[in-house]
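For reference, the structure is listed below as structure tokens.
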Amino acid sequence: MIAVLRLGHRPERDKRITTHVCLVARAFGADGVYVVGKIDRQLLAAVERVVENWGGPFWVKFIENPFGLLREWKSAGGKIIHLTMYGLPLSKVLPSLPKSNSILIVIGGEKVPPRYYSESDFNVGIGNQPHSEVAALAICLDRISERAWENKVFENARLVIRPSERGKEIVETGGKKKPF
Ligand code: SAM
């Protein structure tokens with residue numbers, strides 16, 4: 001199981017970026033995203049629409065107690081990776097990650113409280129320049145999965161894309177896993 005913990009979501013300001021966090025998490029192989037804060041129904045509806053059309057499974061859960069989640073995650077034997085520009089390179093950390101473990105990837109918003117740095121198993125930098133939680137998450141999932149996400153087949157998709165050199169080809173699956 002790979003899950004993401006998204007800190008610092010402000011419904012009025014971060015809707016688009018948290019939606020992008022969820023879309024990247026789903027497309028690059030995570031099982032779901034925990035978002036800290038009050039339920040944002042617009043965000044949930046946007047992700048639900050994507051899952052209905054393009055398949056799942058994939059979940060988004062709003063939580064009020066992120067440190068409770070970290071505690072539970074660790075006591076169940078999972079590992080926590082906090083993505084931060086101050087962290088160690090992912091290539092150094094990857095060999096220490098047991099393959100079978102559950103991984104929780106923590107990504108921040110504006111300012112991440114120091115406690116996340118001490119409670120995470122690994123503080124990982126995707127490079128040591130400031131960029132974006134969306135980019136950091138995408139690269140982290142790509143490396144952790146060793147590109148397995150590229151061959152992922154989503155369940156119960158209503159639509160799939162037939163890749164083409166030019167133009168847009170969208171195919172209705174009619175319930176088939178491989179409609180072409
Ligand atoms: N000072 C922050 C930091 O610790 O990375 C940058 C804040 S940035 C607006 C929001 C989030 O993007 C961070 O909390 C982190 O999860 C992610 N992020 C930005 N640059 C990153 C990098 N080079 N490596 C890993 N994560 C990064």
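In the structure tokens, each chain is lettered A, B, ... as it comes, each chain's residues begin at 1, and ligands are numbered from 1 in order of appearance.
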
As number ranges by chain, please: every residue in range 51-170 of chain A that a backbone DSSP assignment puts in strand (DSSP E or B). A: 56, 59-63, 79-89, 103-107, 122-125, 155, 159-161, 170

Counting only C-alpha atoms, what is within 6 Å of range 131-147 of chain A, bar same-chain residues fewer than 4 positions away, as a ChimeraX atom specification? /A:21,107,126

Please report, as a tab-separated table, each residue of chain A lying at most 10 Å from ligand 1, together with the nearest pair of atoms and the separation in Å rounded to one decimal; use only C-alpha atoms and all ligand atoms, and order rows by chain and ascending residue number.
residue	atom	partner	partner_atom_place_in_ligand_line	distance
A:Leu5	CA	ligand 1	16 (O)	9.8
A:Arg6	CA	ligand 1	16 (O)	8.5
A:Leu7	CA	ligand 1	14 (O)	7.9
A:Gly8	CA	ligand 1	14 (O)	8.9
A:Ile81	CA	ligand 1	16 (O)	10.0
A:His82	CA	ligand 1	16 (O)	6.8
A:Leu83	CA	ligand 1	26 (N)	4.1
A:Thr84	CA	ligand 1	5 (O)	3.6
A:Met85	CA	ligand 1	22 (C)	3.5
A:Tyr86	CA	ligand 1	4 (O)	5.9
A:Gly87	CA	ligand 1	24 (N)	7.1
A:Leu88	CA	ligand 1	24 (N)	9.0
A:Pro89	CA	ligand 1	24 (N)	8.6
A:Leu90	CA	ligand 1	25 (C)	9.1
A:Ile105	CA	ligand 1	16 (O)	9.0
A:Val106	CA	ligand 1	16 (O)	6.7
A:Ile107	CA	ligand 1	16 (O)	3.6
A:Gly108	CA	ligand 1	14 (O)	3.1
A:Gly109	CA	ligand 1	10 (C)	4.3
A:Glu110	CA	ligand 1	9 (C)	5.1
A:Lys111	CA	ligand 1	7 (C)	6.4
A:Val112	CA	ligand 1	14 (O)	6.0
A:Pro113	CA	ligand 1	4 (O)	9.7
A:Pro114	CA	ligand 1	4 (O)	9.9
A:Tyr117	CA	ligand 1	4 (O)	9.5
A:Asn123	CA	ligand 1	25 (C)	8.5
A:Val124	CA	ligand 1	25 (C)	6.1
A:Gly125	CA	ligand 1	24 (N)	3.7
A:Ile126	CA	ligand 1	24 (N)	3.7
A:Gly127	CA	ligand 1	23 (N)	4.8
A:Asn128	CA	ligand 1	23 (N)	4.6
A:Gln129	CA	ligand 1	23 (N)	4.6
A:Pro130	CA	ligand 1	20 (N)	4.0
A:His131	CA	ligand 1	20 (N)	4.0
A:Ser132	CA	ligand 1	19 (C)	4.3
A:Glu133	CA	ligand 1	12 (O)	3.4
A:Val134	CA	ligand 1	12 (O)	7.1
A:Ala135	CA	ligand 1	18 (N)	7.7
A:Ala136	CA	ligand 1	26 (N)	4.9
A:Leu137	CA	ligand 1	26 (N)	7.5
A:Ile139	CA	ligand 1	25 (C)	9.3
A:Cys140	CA	ligand 1	25 (C)	8.6

Now that the selection is made, can you save its residues with C-alpha atoms as a PDB file, in the first residue's frame?
ATOM      1  CA  LEU A   5      -0.472  12.593   3.360  1.00  0.00           C
ATOM      2  CA  ARG A   6      -1.149  16.096   2.046  1.00  0.00           C
ATOM      3  CA  LEU A   7      -0.530  18.815   4.676  1.00  0.00           C
ATOM      4  CA  GLY A   8      -1.687  22.406   4.603  1.00  0.00           C
ATOM      5  CA  ILE A  81       8.837   9.385   3.744  1.00  0.00           C
ATOM      6  CA  HIS A  82       8.600  13.152   4.135  1.00  0.00           C
ATOM      7  CA  LEU A  83       9.404  15.023   0.913  1.00  0.00           C
ATOM      8  CA  THR A  84      11.328  18.207   1.565  1.00  0.00           C
ATOM      9  CA  MET A  85      13.975  20.177  -0.305  1.00  0.00           C
ATOM     10  CA  TYR A  86      16.156  19.858   2.826  1.00  0.00           C
ATOM     11  CA  GLY A  87      16.199  16.059   2.791  1.00  0.00           C
ATOM     12  CA  LEU A  88      18.623  13.369   1.641  1.00  0.00           C
ATOM     13  CA  PRO A  89      18.611  12.258  -2.000  1.00  0.00           C
ATOM     14  CA  LEU A  90      15.971   9.637  -2.821  1.00  0.00           C
ATOM     15  CA  ILE A 105       4.555   9.874   1.562  1.00  0.00           C
ATOM     16  CA  VAL A 106       4.133  13.196   3.363  1.00  0.00           C
ATOM     17  CA  ILE A 107       4.028  16.384   1.284  1.00  0.00           C
ATOM     18  CA  GLY A 108       3.714  19.906   2.612  1.00  0.00           C
ATOM     19  CA  GLY A 109       2.157  23.206   1.747  1.00  0.00           C
ATOM     20  CA  GLU A 110       3.536  26.534   2.878  1.00  0.00           C
ATOM     21  CA  LYS A 111       5.363  25.696   6.110  1.00  0.00           C
ATOM     22  CA  VAL A 112       5.822  22.208   7.507  1.00  0.00           C
ATOM     23  CA  PRO A 113       6.017  21.912  11.334  1.00  0.00           C
ATOM     24  CA  PRO A 114       9.396  20.515  12.579  1.00  0.00           C
ATOM     25  CA  TYR A 117      10.985  16.009  10.241  1.00  0.00           C
ATOM     26  CA  ASN A 123      13.328  13.163   4.977  1.00  0.00           C
ATOM     27  CA  VAL A 124      13.875  13.035   1.249  1.00  0.00           C
ATOM     28  CA  GLY A 125      14.828  15.758  -1.209  1.00  0.00           C
ATOM     29  CA  ILE A 126      13.953  15.433  -4.869  1.00  0.00           C
ATOM     30  CA  GLY A 127      16.964  17.537  -5.570  1.00  0.00           C
ATOM     31  CA  ASN A 128      17.682  20.327  -3.092  1.00  0.00           C
ATOM     32  CA  GLN A 129      16.026  23.193  -4.903  1.00  0.00           C
ATOM     33  CA  PRO A 130      12.572  24.531  -4.032  1.00  0.00           C
ATOM     34  CA  HIS A 131       9.896  23.375  -6.507  1.00  0.00           C
ATOM     35  CA  SER A 132       6.486  21.808  -5.996  1.00  0.00           C
ATOM     36  CA  GLU A 133       4.794  19.065  -3.993  1.00  0.00           C
ATOM     37  CA  VAL A 134       3.174  17.836  -7.219  1.00  0.00           C
ATOM     38  CA  ALA A 135       6.517  17.394  -9.005  1.00  0.00           C
ATOM     39  CA  ALA A 136       8.207  15.929  -5.919  1.00  0.00           C
ATOM     40  CA  LEU A 137       5.384  13.400  -5.494  1.00  0.00           C
ATOM     41  CA  ILE A 139       9.169  11.675  -9.157  1.00  0.00           C
ATOM     42  CA  CYS A 140       9.088   9.908  -5.795  1.00  0.00           C
TER      43      CYS A 140
END

Phe154 in chain A surroundings by only C-alpha atoms, 10 Å radius, close-in-sequence under 5 positions cut, as a list of chain:residue names: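 Using only C-alpha atoms, the neighbours found are A:Arg26, A:Ala27, A:Gly29, A:Val51, A:Trp54, A:Gly55, A:Gly56, A:Pro57, A:Phe58, A:Val160, A:Lys177.
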
What residues in chain A get the DSSP label helix (DSSP H, G or I)? Please answer as a ChimeraX atom specification. /A:11-27,41-54,66-75,90-96,114-119,133-144,148-151

Using only C-alpha atoms, which residues sit within 9 Å of Ala76 in chain A once same-chain residues fewer than 4 positions away are excluded, as a list in words? Arg71, Glu72 and Ser102 of chain A

Nearest residue to Lys15 in chain A out of A:Ile80, A:Val171, A:Leu94, A:Ala45, using only C-alpha atoms?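 Distance minimum relative to Lys15 in chain A lands on A:Ala45.
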
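Distance annotation: of A:Pro163, A:Ile2, A:Ser118, A:Lys79, the residue with the minimal separation from Asp31 in chain A is A:Ile2; atom set is only C-alpha atoms.
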
Residues at most 12 Å from Arg115 in chain A, counting only C-alpha atoms, excluding those fewer than 5 positions away in the same chain, as a list in words?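 After dropping sequence-adjacent residues, the list is Pro66, Phe67, Leu70, His82, Ser120, Asp121 and Asn123 of chain A.
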
Residue nearest Val36 in chain A among A:Glu119, A:Glu150, A:Glu172, A:Glu64 (counting only C-alpha atoms): A:Glu64
